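Data first, discussion second: the structure below is written as structure tokens.
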Amino acid sequence: MTPGLQGPGVPCPRMAEPWTYSGEVARLGAPDGSVTLVEGASFCLSGGNGDVRPGGAEGLYLLDTRFLSRLELRVDGAPLEGLGVAMEEPFAATFFGRAAPLAGAADSSLVVFRKRHVGGGLLEHVELRNYAPETRTVVVELDLDVDFADLFDVKEGRTSPRGRRKLELGESMLRFGSELEGRTKAAEVSFDRPLPRGGLARWEVELAPKERWTVRFDAVACIDGVELEPRYRLGSPVESAAPARQLSAWRAAVPVVSTDHAGLATAVHRAAEDLGALRLFDPDFPDRAVVAAGAPWFMTVFGRDSILTAYMALVADPDLARGVLGTLARFQGQRVDAATEEEPGRILHEMRFGGAMSSSLADASVYYGTVDATPLFVLLLGELRRWGLAHDEVDELLPHADRALEWVEHYGDRDGDGYVEYERATPRGLANQGWKDSWDGVRYADGRVPEGPIALCEVQGYVYAAYLARAYFAEERGDEEAVDRWRSRAAALKEAFNRDFWLEDRGWFAMGLDGDKQPIDALASNMGHCLWTGLVDEDKAASVAGHLLSPEMFSGWGVRTMATSMAGYNPVSYHCGSVWPHDNALVAAGLVRYGFVDQATRIIEGLLAAAAASGGRLPELFSGLGRDELGVPAAYPTSCVPQAWAAATPLLFLRLLLRLDPWVPHGRVWLAPALPPSIHHLRVERIPIGEDRVDVDVVNGAVRVSGLGPDVELVQSPRRPLTAALPGRR
């Protein structure tokens, strides 16, 4: 959330400082397991029996506000024993449980089904079934409450009620309200049967043998008297609701994978499902999808996360990248504002809805404190063009890319030394503004935290790729002067980087340069991103690859964010020794780019094994403990699941295994599958390349391709763009 602002210059009712919070984050787990249902910017966290219990992070959240903080179902005064959860969709689940057995009975004869849908609100269908041979009389209660807590308050464990609260009772409705600093919020829970006298959701039910009893209810949120339109309402069929239609269309479009590697197939399927659920649709642009970063803390647009997720998901849906670029261009920085860290041309870091009136992105507050989203914007535009982005769409977005590059050179490069640095403009902003944005995420080898401004190594790689992308666009337009200008800047940056960041005595690149231009010398994963963007000189690449896959860096599950030999290493820290799937995906992409296929395969197989340990789904991050220390991936307690760039990781793995590199405007597609011994067969159908939908079938090394148009040449060899060479320049 923009610290202290709601939109340009408008005070927020809550002066939060989420970026500088460094305390313990609220835990997500529940004694019987945690269940997360996600739809767009709304989500619900509950226990395995379906209950939302107070005192933790559980709840129904909309627009960064908790609109249900308690939803407990009791039968004869006791909670249900959870027996199973069926996740039919990312936004829908059926919870199955049983009531407590009668005194003296070994088993319960009363079972309960709770069918829940989440989407801009909540809809639930509760059904009791009596399997006893005699009639039973039971008391069914729904204990409900709403604290209207801000998401950051929940995250930081500060959820005491604020403002004046009230409860209104109707014949079949409970309305919870709150007023704080002139703003009103309400949650209205409506039932399909009357509430008994007293207005409590409590019914005495007589059930004959094999008889069923049901109650349905929905929860709808209101802000300042305006209802937030829910996707599901009482009396409306769930099958025709927007989430079901949107997910069905997504499933019909994404590639279909069949392989003899069950872990890969499951991980790709799970990735597609999670990304489909994490997409956001702005009501002002209903046909433009953008992706939320992850549940529960980041169900909103993030510049860096959205861009990298869209890049990794190109093999599944280039339209997601179109939506991300269009949305970020819409909110590109216009002015200098120290409070929000907005600067002309800068791409946003995060949007928040804590003071919003609706789900429109235009109502969100925006914070711009990121150093890497701006060059990544240009990188993604260049990559999307290679996948077939039309000329008219390029013409629409290229001015935004040029403004982004102006930011790189006039605001990003703070001292004119050719490197992009960051230093926060407000004490309430992020201290670290790269992807490792925790306060201690950047360290020297001896564990000290450096003083800024800081020039991160991977950010220089993103800038290098952005320069080359801009040169590609100039080449397409026949602007030779611009081609030479952007290629020269890329070449100069590459030469300087390999001189100033290289630690000759250690054989790796520094994480960054500190405020005195001294190397931040920790051995960390950041340099793997420099392989991905092609910034590393070839004579240094083998040493970089060797260190990334060394025992100090590679845990057996993946590459750690920091080596075990560094003083700051902690396997259960956020950025100083943990394993992040998206980080590993980009490292693997860099290794493939430089021809280190076997090393990339070790990463891919390690992460797929980690995914298999959790049903095919990769979390945001997990512990850096070695596979030889613990035979399962150790969880990071507050990791987001589902999380966008973790979800997209198997999709980039798929592209890397195929070594697929399209360049549609130049009529070429490079394809050179390199499968590990564990995969004998891989078939991918409906890969979107330009206007074509391409099928690739690999069986024991033999490759068949169909669906590629006659104007596109298939080049069955790996493409290694290690220099600034263009396809038309031999």
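Within each chain, counting starts at residue 1; across the structure tokens, chains are named A, B, ... in the order shown, with ligands numbered 1 upward in that order.
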
- Message: When DSSP is applied to the backbone of this structure, which of segment 492-560 of chain A are assigned strand (DSSP E or B)? Write them out as JSON, numbers by chain.
- Response: {"A": [502, 503, 508, 509, 512, 513, 519, 520, 524, 554, 559, 560]}

Could you take the residues named above and write them with C-alpha atoms, as a PDB file, in the first residue's frame?
```pdb
ATOM      1  CA  TRP A 502      33.386  -9.554 -11.020  1.00  0.00           C
ATOM      2  CA  LEU A 503      35.249 -10.847  -7.973  1.00  0.00           C
ATOM      3  CA  TRP A 508      31.536 -15.031  -8.783  1.00  0.00           C
ATOM      4  CA  PHE A 509      29.748 -11.726  -9.278  1.00  0.00           C
ATOM      5  CA  GLY A 512      25.783  -5.375  -6.002  1.00  0.00           C
ATOM      6  CA  LEU A 513      27.812  -2.257  -5.408  1.00  0.00           C
ATOM      7  CA  PRO A 519      31.325  -4.805  -4.043  1.00  0.00           C
ATOM      8  CA  ILE A 520      28.672  -6.420  -1.873  1.00  0.00           C
ATOM      9  CA  ALA A 524      24.058 -15.363  -3.758  1.00  0.00           C
ATOM     10  CA  PHE A 554      22.335 -26.015  -4.304  1.00  0.00           C
ATOM     11  CA  VAL A 559      19.463 -22.983  -5.588  1.00  0.00           C
ATOM     12  CA  ARG A 560      19.536 -21.122  -2.294  1.00  0.00           C
TER      13      ARG A 560
END
```

- Apply DSSP to the backbone of this structure and, from segment 106-348 of chain A, keep only the residues in helix (DSSP H, G or I); write these as a ChimeraX atom specification. /A:151-155,238-240,242-253,262-278,303-312,318-330

Write a file of the selected residues as a PDB file, in the first residue's frame, keeping C-alpha atoms.
```pdb
ATOM      1  CA  LEU A 151      -4.966  -6.883   5.777  1.00  0.00           C
ATOM      2  CA  PHE A 152      -1.736  -5.366   7.083  1.00  0.00           C
ATOM      3  CA  ASP A 153      -3.148  -5.291  10.614  1.00  0.00           C
ATOM      4  CA  VAL A 154      -3.857  -9.008  10.325  1.00  0.00           C
ATOM      5  CA  LYS A 155      -0.415  -9.686   8.883  1.00  0.00           C
ATOM      6  CA  VAL A 238     -22.954 -21.000  -9.641  1.00  0.00           C
ATOM      7  CA  GLU A 239     -22.209 -22.486 -13.065  1.00  0.00           C
ATOM      8  CA  SER A 240     -23.028 -19.235 -14.875  1.00  0.00           C
ATOM      9  CA  ALA A 242     -18.124 -14.985 -13.975  1.00  0.00           C
ATOM     10  CA  PRO A 243     -15.330 -16.970 -12.240  1.00  0.00           C
ATOM     11  CA  ALA A 244     -16.548 -20.249 -13.724  1.00  0.00           C
ATOM     12  CA  ARG A 245     -16.844 -18.731 -17.220  1.00  0.00           C
ATOM     13  CA  GLN A 246     -13.427 -17.065 -17.059  1.00  0.00           C
ATOM     14  CA  LEU A 247     -11.671 -20.159 -15.754  1.00  0.00           C
ATOM     15  CA  SER A 248     -13.374 -22.341 -18.357  1.00  0.00           C
ATOM     16  CA  ALA A 249     -12.150 -20.044 -21.144  1.00  0.00           C
ATOM     17  CA  TRP A 250      -8.642 -20.075 -19.669  1.00  0.00           C
ATOM     18  CA  ARG A 251      -8.578 -23.878 -19.483  1.00  0.00           C
ATOM     19  CA  ALA A 252      -9.710 -24.133 -23.088  1.00  0.00           C
ATOM     20  CA  ALA A 253      -6.805 -21.939 -24.210  1.00  0.00           C
ATOM     21  CA  ALA A 262       4.029 -37.541 -13.569  1.00  0.00           C
ATOM     22  CA  GLY A 263       5.595 -34.783 -11.479  1.00  0.00           C
ATOM     23  CA  LEU A 264       6.004 -32.487 -14.476  1.00  0.00           C
ATOM     24  CA  ALA A 265       2.462 -33.101 -15.724  1.00  0.00           C
ATOM     25  CA  THR A 266       0.970 -32.450 -12.277  1.00  0.00           C
ATOM     26  CA  ALA A 267       3.057 -29.331 -11.690  1.00  0.00           C
ATOM     27  CA  VAL A 268       2.129 -27.815 -15.064  1.00  0.00           C
ATOM     28  CA  HIS A 269      -1.560 -28.541 -14.489  1.00  0.00           C
ATOM     29  CA  ARG A 270      -1.420 -27.024 -10.998  1.00  0.00           C
ATOM     30  CA  ALA A 271       0.414 -23.990 -12.374  1.00  0.00           C
ATOM     31  CA  ALA A 272      -2.282 -23.345 -14.958  1.00  0.00           C
ATOM     32  CA  GLU A 273      -5.049 -23.696 -12.382  1.00  0.00           C
ATOM     33  CA  ASP A 274      -3.420 -21.329  -9.913  1.00  0.00           C
ATOM     34  CA  LEU A 275      -2.611 -18.691 -12.517  1.00  0.00           C
ATOM     35  CA  GLY A 276      -6.159 -18.875 -13.823  1.00  0.00           C
ATOM     36  CA  ALA A 277      -7.455 -18.131 -10.326  1.00  0.00           C
ATOM     37  CA  LEU A 278      -4.947 -15.365  -9.591  1.00  0.00           C
ATOM     38  CA  GLY A 303       4.929  -4.548 -11.001  1.00  0.00           C
ATOM     39  CA  ARG A 304       7.888  -6.907 -10.717  1.00  0.00           C
ATOM     40  CA  ASP A 305       5.858 -10.003  -9.843  1.00  0.00           C
ATOM     41  CA  SER A 306       3.283  -9.462 -12.565  1.00  0.00           C
ATOM     42  CA  ILE A 307       5.958  -8.891 -15.227  1.00  0.00           C
ATOM     43  CA  LEU A 308       8.055 -11.927 -14.333  1.00  0.00           C
ATOM     44  CA  THR A 309       4.971 -14.117 -13.992  1.00  0.00           C
ATOM     45  CA  ALA A 310       3.762 -13.007 -17.419  1.00  0.00           C
ATOM     46  CA  TYR A 311       7.202 -13.698 -18.896  1.00  0.00           C
ATOM     47  CA  MET A 312       7.310 -17.214 -17.452  1.00  0.00           C
ATOM     48  CA  PRO A 318       0.783 -14.249 -24.159  1.00  0.00           C
ATOM     49  CA  ASP A 319      -2.468 -12.369 -23.524  1.00  0.00           C
ATOM     50  CA  LEU A 320      -1.563 -12.266 -19.848  1.00  0.00           C
ATOM     51  CA  ALA A 321       1.594 -10.326 -20.736  1.00  0.00           C
ATOM     52  CA  ARG A 322      -0.516  -7.957 -22.855  1.00  0.00           C
ATOM     53  CA  GLY A 323      -2.785  -7.301 -19.900  1.00  0.00           C
ATOM     54  CA  VAL A 324       0.126  -6.777 -17.523  1.00  0.00           C
ATOM     55  CA  LEU A 325       1.876  -4.324 -19.836  1.00  0.00           C
ATOM     56  CA  GLY A 326      -1.334  -2.418 -20.575  1.00  0.00           C
ATOM     57  CA  THR A 327      -2.197  -2.116 -16.897  1.00  0.00           C
ATOM     58  CA  LEU A 328       1.272  -1.048 -15.783  1.00  0.00           C
ATOM     59  CA  ALA A 329       1.479   1.474 -18.637  1.00  0.00           C
ATOM     60  CA  ARG A 330      -1.819   2.956 -17.469  1.00  0.00           C
TER      61      ARG A 330
END
```

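Taking atom CA of Gly354 of chain A as the reference point, atom CA of Tyr61 of chain A is found at 11.0 Å.
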
- Query: If we count only C-alpha atoms, what is near Val449 of chain A at a cut-off of 10 Å, once residues fewer than 3 positions away on the same chain are taken out, given as an MDAnalysis selection string?
  - Reply: chainID A and resid 439:446 452 514 520 568

Would you put the residues from that selection into a file with N, CA and C atoms, as a PDB file, in the first residue's frame?
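Writing done, so here's result_20.pdb:
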```pdb
ATOM      1  N   TRP A 439      14.480  -6.205   4.726  1.00  0.00           N
ATOM      2  CA  TRP A 439      15.456  -5.206   5.176  1.00  0.00           C
ATOM      3  C   TRP A 439      16.885  -5.737   5.165  1.00  0.00           C
ATOM      4  N   ASP A 440      17.041  -7.078   5.348  1.00  0.00           N
ATOM      5  CA  ASP A 440      18.376  -7.672   5.393  1.00  0.00           C
ATOM      6  C   ASP A 440      18.646  -8.574   4.196  1.00  0.00           C
ATOM      7  N   GLY A 441      17.885  -8.407   3.120  1.00  0.00           N
ATOM      8  CA  GLY A 441      17.996  -9.310   1.981  1.00  0.00           C
ATOM      9  C   GLY A 441      19.259  -9.141   1.161  1.00  0.00           C
ATOM     10  N   VAL A 442      19.965  -8.027   1.355  1.00  0.00           N
ATOM     11  CA  VAL A 442      21.219  -7.767   0.649  1.00  0.00           C
ATOM     12  C   VAL A 442      22.326  -7.680   1.687  1.00  0.00           C
ATOM     13  N   ARG A 443      23.382  -8.495   1.522  1.00  0.00           N
ATOM     14  CA  ARG A 443      24.408  -8.598   2.562  1.00  0.00           C
ATOM     15  C   ARG A 443      25.804  -8.766   1.964  1.00  0.00           C
ATOM     16  N   TYR A 444      26.794  -8.325   2.742  1.00  0.00           N
ATOM     17  CA  TYR A 444      28.180  -8.686   2.452  1.00  0.00           C
ATOM     18  C   TYR A 444      28.415 -10.139   2.890  1.00  0.00           C
ATOM     19  N   ALA A 445      29.540 -10.689   2.468  1.00  0.00           N
ATOM     20  CA  ALA A 445      29.891 -12.054   2.854  1.00  0.00           C
ATOM     21  C   ALA A 445      30.033 -12.201   4.360  1.00  0.00           C
ATOM     22  N   ASP A 446      30.429 -11.128   5.051  1.00  0.00           N
ATOM     23  CA  ASP A 446      30.602 -11.206   6.509  1.00  0.00           C
ATOM     24  C   ASP A 446      29.310 -10.937   7.275  1.00  0.00           C
ATOM     25  N   GLY A 452      23.344   2.370   1.155  1.00  0.00           N
ATOM     26  CA  GLY A 452      23.081   2.714  -0.230  1.00  0.00           C
ATOM     27  C   GLY A 452      23.677   4.029  -0.648  1.00  0.00           C
ATOM     28  N   ASP A 514      27.838  -1.067  -3.287  1.00  0.00           N
ATOM     29  CA  ASP A 514      27.248  -0.253  -2.232  1.00  0.00           C
ATOM     30  C   ASP A 514      27.384   1.237  -2.551  1.00  0.00           C
ATOM     31  N   ILE A 520      29.405  -5.689  -2.912  1.00  0.00           N
ATOM     32  CA  ILE A 520      28.672  -6.420  -1.873  1.00  0.00           C
ATOM     33  C   ILE A 520      28.919  -7.885  -2.198  1.00  0.00           C
ATOM     34  N   GLY A 568      25.756 -14.462   6.783  1.00  0.00           N
ATOM     35  CA  GLY A 568      24.341 -14.138   6.933  1.00  0.00           C
ATOM     36  C   GLY A 568      23.395 -15.269   6.592  1.00  0.00           C
TER      37      GLY A 568
END
```

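As for atom CA of Glu685 of chain A and atom CA of Asp697 of chain A, they are spaced 8.3 Å apart.
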
- Item | All residues 12 Å or closer to Leu142 of chain A, only C-alpha atoms, same chain fewer than 6 positions away omitted, as a PyMOL selection string | chain A and resi 50-53+70-80+124+126+174+189+191+195+199-203+215-217

- Please identify all polymer residues within 8 Å of segment 529-532 of chain A, counting only C-alpha atoms, omitting same-chain residues fewer than 2 positions from it, and present them as a VMD selection string. chain A and resid 457 to 458 460 to 462 525 to 527 534 to 536 541 583 586 to 591 593 to 594

Just-selected residues, C-alpha atoms written as a compact mmCIF listing (two decimals), in the first residue's frame:
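The resulting file, again.txt, is shown below:
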```txt
# COMPACT_ATOMS: atom_id res chain seq x y z
CA CYS A 457 23.79 -7.05 -10.19
CA GLU A 458 20.55 -8.49 -11.57
CA GLN A 460 21.98 -4.24 -14.49
CA GLY A 461 21.05 -7.41 -16.36
CA TYR A 462 17.47 -6.25 -16.73
CA SER A 525 21.60 -16.39 -6.46
CA ASN A 526 21.26 -12.88 -7.92
CA MET A 527 24.00 -13.45 -10.49
CA GLY A 534 22.96 -12.44 -21.21
CA LEU A 535 25.00 -9.87 -19.29
CA VAL A 536 27.75 -12.30 -18.27
CA ALA A 541 29.85 -18.20 -17.25
CA ASP A 583 14.46 -17.38 -8.71
CA LEU A 586 15.32 -17.65 -14.02
CA VAL A 587 18.65 -19.17 -12.96
CA ALA A 588 17.79 -22.29 -14.97
CA ALA A 589 16.87 -20.12 -17.95
CA GLY A 590 20.26 -18.44 -17.70
CA LEU A 591 22.06 -21.76 -17.55
CA ARG A 593 21.03 -19.76 -22.44
CA TYR A 594 24.76 -20.33 -21.91
```

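Each of A:Arg627, A:Arg686, A:His125, A:Arg197 was checked against Gly235 of chain A using only C-alpha atoms; the smallest atom-to-atom distance is that of A:His125.
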
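Using only C-alpha atoms, the smallest distance between any of A:Val592, A:Leu380, A:Leu549, A:Leu654 and Ile679 of chain A comes from A:Leu654.
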
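Residues in contact with Phe96 of chain A at 9 Å, where only C-alpha atoms are counted and same-chain residues fewer than 3 positions away are skipped, are listed as A:Gly48, A:Asn49, A:Gly50, A:Leu80, A:Glu81, A:Gly82, A:Leu83, A:Gly84, A:Val85, A:Ala86, A:Val111, A:Val112, A:Phe113, A:Arg114, A:Lys115.
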
Could the residues in this selection be written to a file with C-alpha atoms, as an mmCIF file, in the first residue's frame?
```
data_model
loop_
_atom_site.group_PDB
_atom_site.id
_atom_site.type_symbol
_atom_site.label_atom_id
_atom_site.label_comp_id
_atom_site.auth_asym_id
_atom_site.auth_seq_id
_atom_site.Cartn_x
_atom_site.Cartn_y
_atom_site.Cartn_z
ATOM 1 C CA GLY A 48 -9.786 -27.999 7.106
ATOM 2 C CA ASN A 49 -13.332 -28.354 8.443
ATOM 3 C CA GLY A 50 -14.387 -25.101 6.765
ATOM 4 C CA LEU A 80 -17.221 -30.493 13.119
ATOM 5 C CA GLU A 81 -14.474 -33.025 12.752
ATOM 6 C CA GLY A 82 -12.985 -32.378 9.327
ATOM 7 C CA LEU A 83 -12.697 -35.560 7.251
ATOM 8 C CA GLY A 84 -11.792 -34.238 3.827
ATOM 9 C CA VAL A 85 -11.744 -31.301 1.451
ATOM 10 C CA ALA A 86 -12.482 -31.491 -2.272
ATOM 11 C CA VAL A 111 -22.330 -36.029 8.522
ATOM 12 C CA VAL A 112 -22.105 -32.544 7.097
ATOM 13 C CA PHE A 113 -21.198 -31.155 3.664
ATOM 14 C CA ARG A 114 -20.210 -27.508 3.246
ATOM 15 C CA LYS A 115 -20.032 -26.342 -0.364
#
```

Could you list, with a cut-off of 12 Å and counting only C-alpha atoms, the residues of segment 554-587 of chain A near segment 630-639 of chain A, each shown with its nearest atom pair and the distance in Å rounded to one decimal, rows sorted by chain and ascending number, as JSON lines?
```
{"residue": "A:Ser555", "atom": "CA", "partner": "A:Pro633", "partner_atom": "CA", "distance": 9.8}
{"residue": "A:Gly556", "atom": "CA", "partner": "A:Pro633", "partner_atom": "CA", "distance": 9.6}
{"residue": "A:Trp557", "atom": "CA", "partner": "A:Pro633", "partner_atom": "CA", "distance": 7.2}
{"residue": "A:Gly558", "atom": "CA", "partner": "A:Pro633", "partner_atom": "CA", "distance": 10.0}
{"residue": "A:Asn570", "atom": "CA", "partner": "A:Tyr636", "partner_atom": "CA", "distance": 11.7}
{"residue": "A:Pro571", "atom": "CA", "partner": "A:Tyr636", "partner_atom": "CA", "distance": 9.2}
{"residue": "A:Val572", "atom": "CA", "partner": "A:Tyr636", "partner_atom": "CA", "distance": 6.4}
{"residue": "A:Ser573", "atom": "CA", "partner": "A:Tyr636", "partner_atom": "CA", "distance": 8.1}
{"residue": "A:Tyr574", "atom": "CA", "partner": "A:Tyr636", "partner_atom": "CA", "distance": 8.0}
{"residue": "A:His575", "atom": "CA", "partner": "A:Tyr636", "partner_atom": "CA", "distance": 11.1}
{"residue": "A:Gly577", "atom": "CA", "partner": "A:Tyr636", "partner_atom": "CA", "distance": 11.3}
{"residue": "A:Ser578", "atom": "CA", "partner": "A:Tyr636", "partner_atom": "CA", "distance": 8.2}
{"residue": "A:Val579", "atom": "CA", "partner": "A:Tyr636", "partner_atom": "CA", "distance": 9.5}
{"residue": "A:Trp580", "atom": "CA", "partner": "A:Ser639", "partner_atom": "CA", "distance": 10.1}
{"residue": "A:Pro581", "atom": "CA", "partner": "A:Ser639", "partner_atom": "CA", "distance": 11.8}
```

Write to file, as a short mmCIF file (atom, residue, chain, number, x, y, z; two decimals), in the first residue's frame, the residues of the selection just made, with N, CA and C atoms.
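Saved as again29.cif:
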```cif
data_model
loop_
_atom_site.label_atom_id
_atom_site.label_comp_id
_atom_site.auth_asym_id
_atom_site.auth_seq_id
_atom_site.Cartn_x
_atom_site.Cartn_y
_atom_site.Cartn_z
N SER A 555 20.69 -26.89 -2.75
CA SER A 555 20.23 -27.66 -1.59
C SER A 555 19.84 -29.08 -1.94
N GLY A 556 19.73 -29.38 -3.22
CA GLY A 556 19.16 -30.65 -3.65
C GLY A 556 17.73 -30.46 -4.14
N TRP A 557 17.07 -29.44 -3.59
CA TRP A 557 15.73 -29.05 -4.05
C TRP A 557 15.82 -27.87 -5.00
N GLY A 558 16.82 -27.01 -4.79
CA GLY A 558 16.95 -25.83 -5.62
C GLY A 558 18.14 -25.00 -5.18
N ASN A 570 20.89 -18.20 6.61
CA ASN A 570 19.89 -18.75 7.54
C ASN A 570 18.87 -19.49 6.68
N PRO A 571 18.77 -20.81 6.80
CA PRO A 571 17.89 -21.58 5.90
C PRO A 571 16.42 -21.24 6.04
N VAL A 572 16.02 -20.64 7.16
CA VAL A 572 14.61 -20.30 7.34
C VAL A 572 14.42 -18.78 7.36
N SER A 573 15.30 -18.06 6.69
CA SER A 573 15.10 -16.63 6.50
C SER A 573 14.34 -16.41 5.21
N TYR A 574 13.88 -15.18 5.01
CA TYR A 574 13.08 -14.87 3.82
C TYR A 574 13.95 -14.83 2.57
N HIS A 575 15.12 -14.18 2.65
CA HIS A 575 15.94 -13.99 1.45
C HIS A 575 17.40 -14.38 1.63
N GLY A 577 19.04 -17.46 2.35
CA GLY A 577 19.32 -18.89 2.42
C GLY A 577 18.15 -19.78 2.07
N SER A 578 16.98 -19.21 1.89
CA SER A 578 15.80 -19.96 1.47
C SER A 578 15.89 -20.28 -0.02
N VAL A 579 14.94 -21.06 -0.51
CA VAL A 579 14.85 -21.41 -1.93
C VAL A 579 13.56 -20.83 -2.48
N TRP A 580 13.68 -20.02 -3.54
CA TRP A 580 12.52 -19.43 -4.20
C TRP A 580 12.37 -20.07 -5.58
N PRO A 581 11.24 -20.69 -5.89
CA PRO A 581 11.07 -21.33 -7.19
C PRO A 581 11.27 -20.38 -8.37
#
```
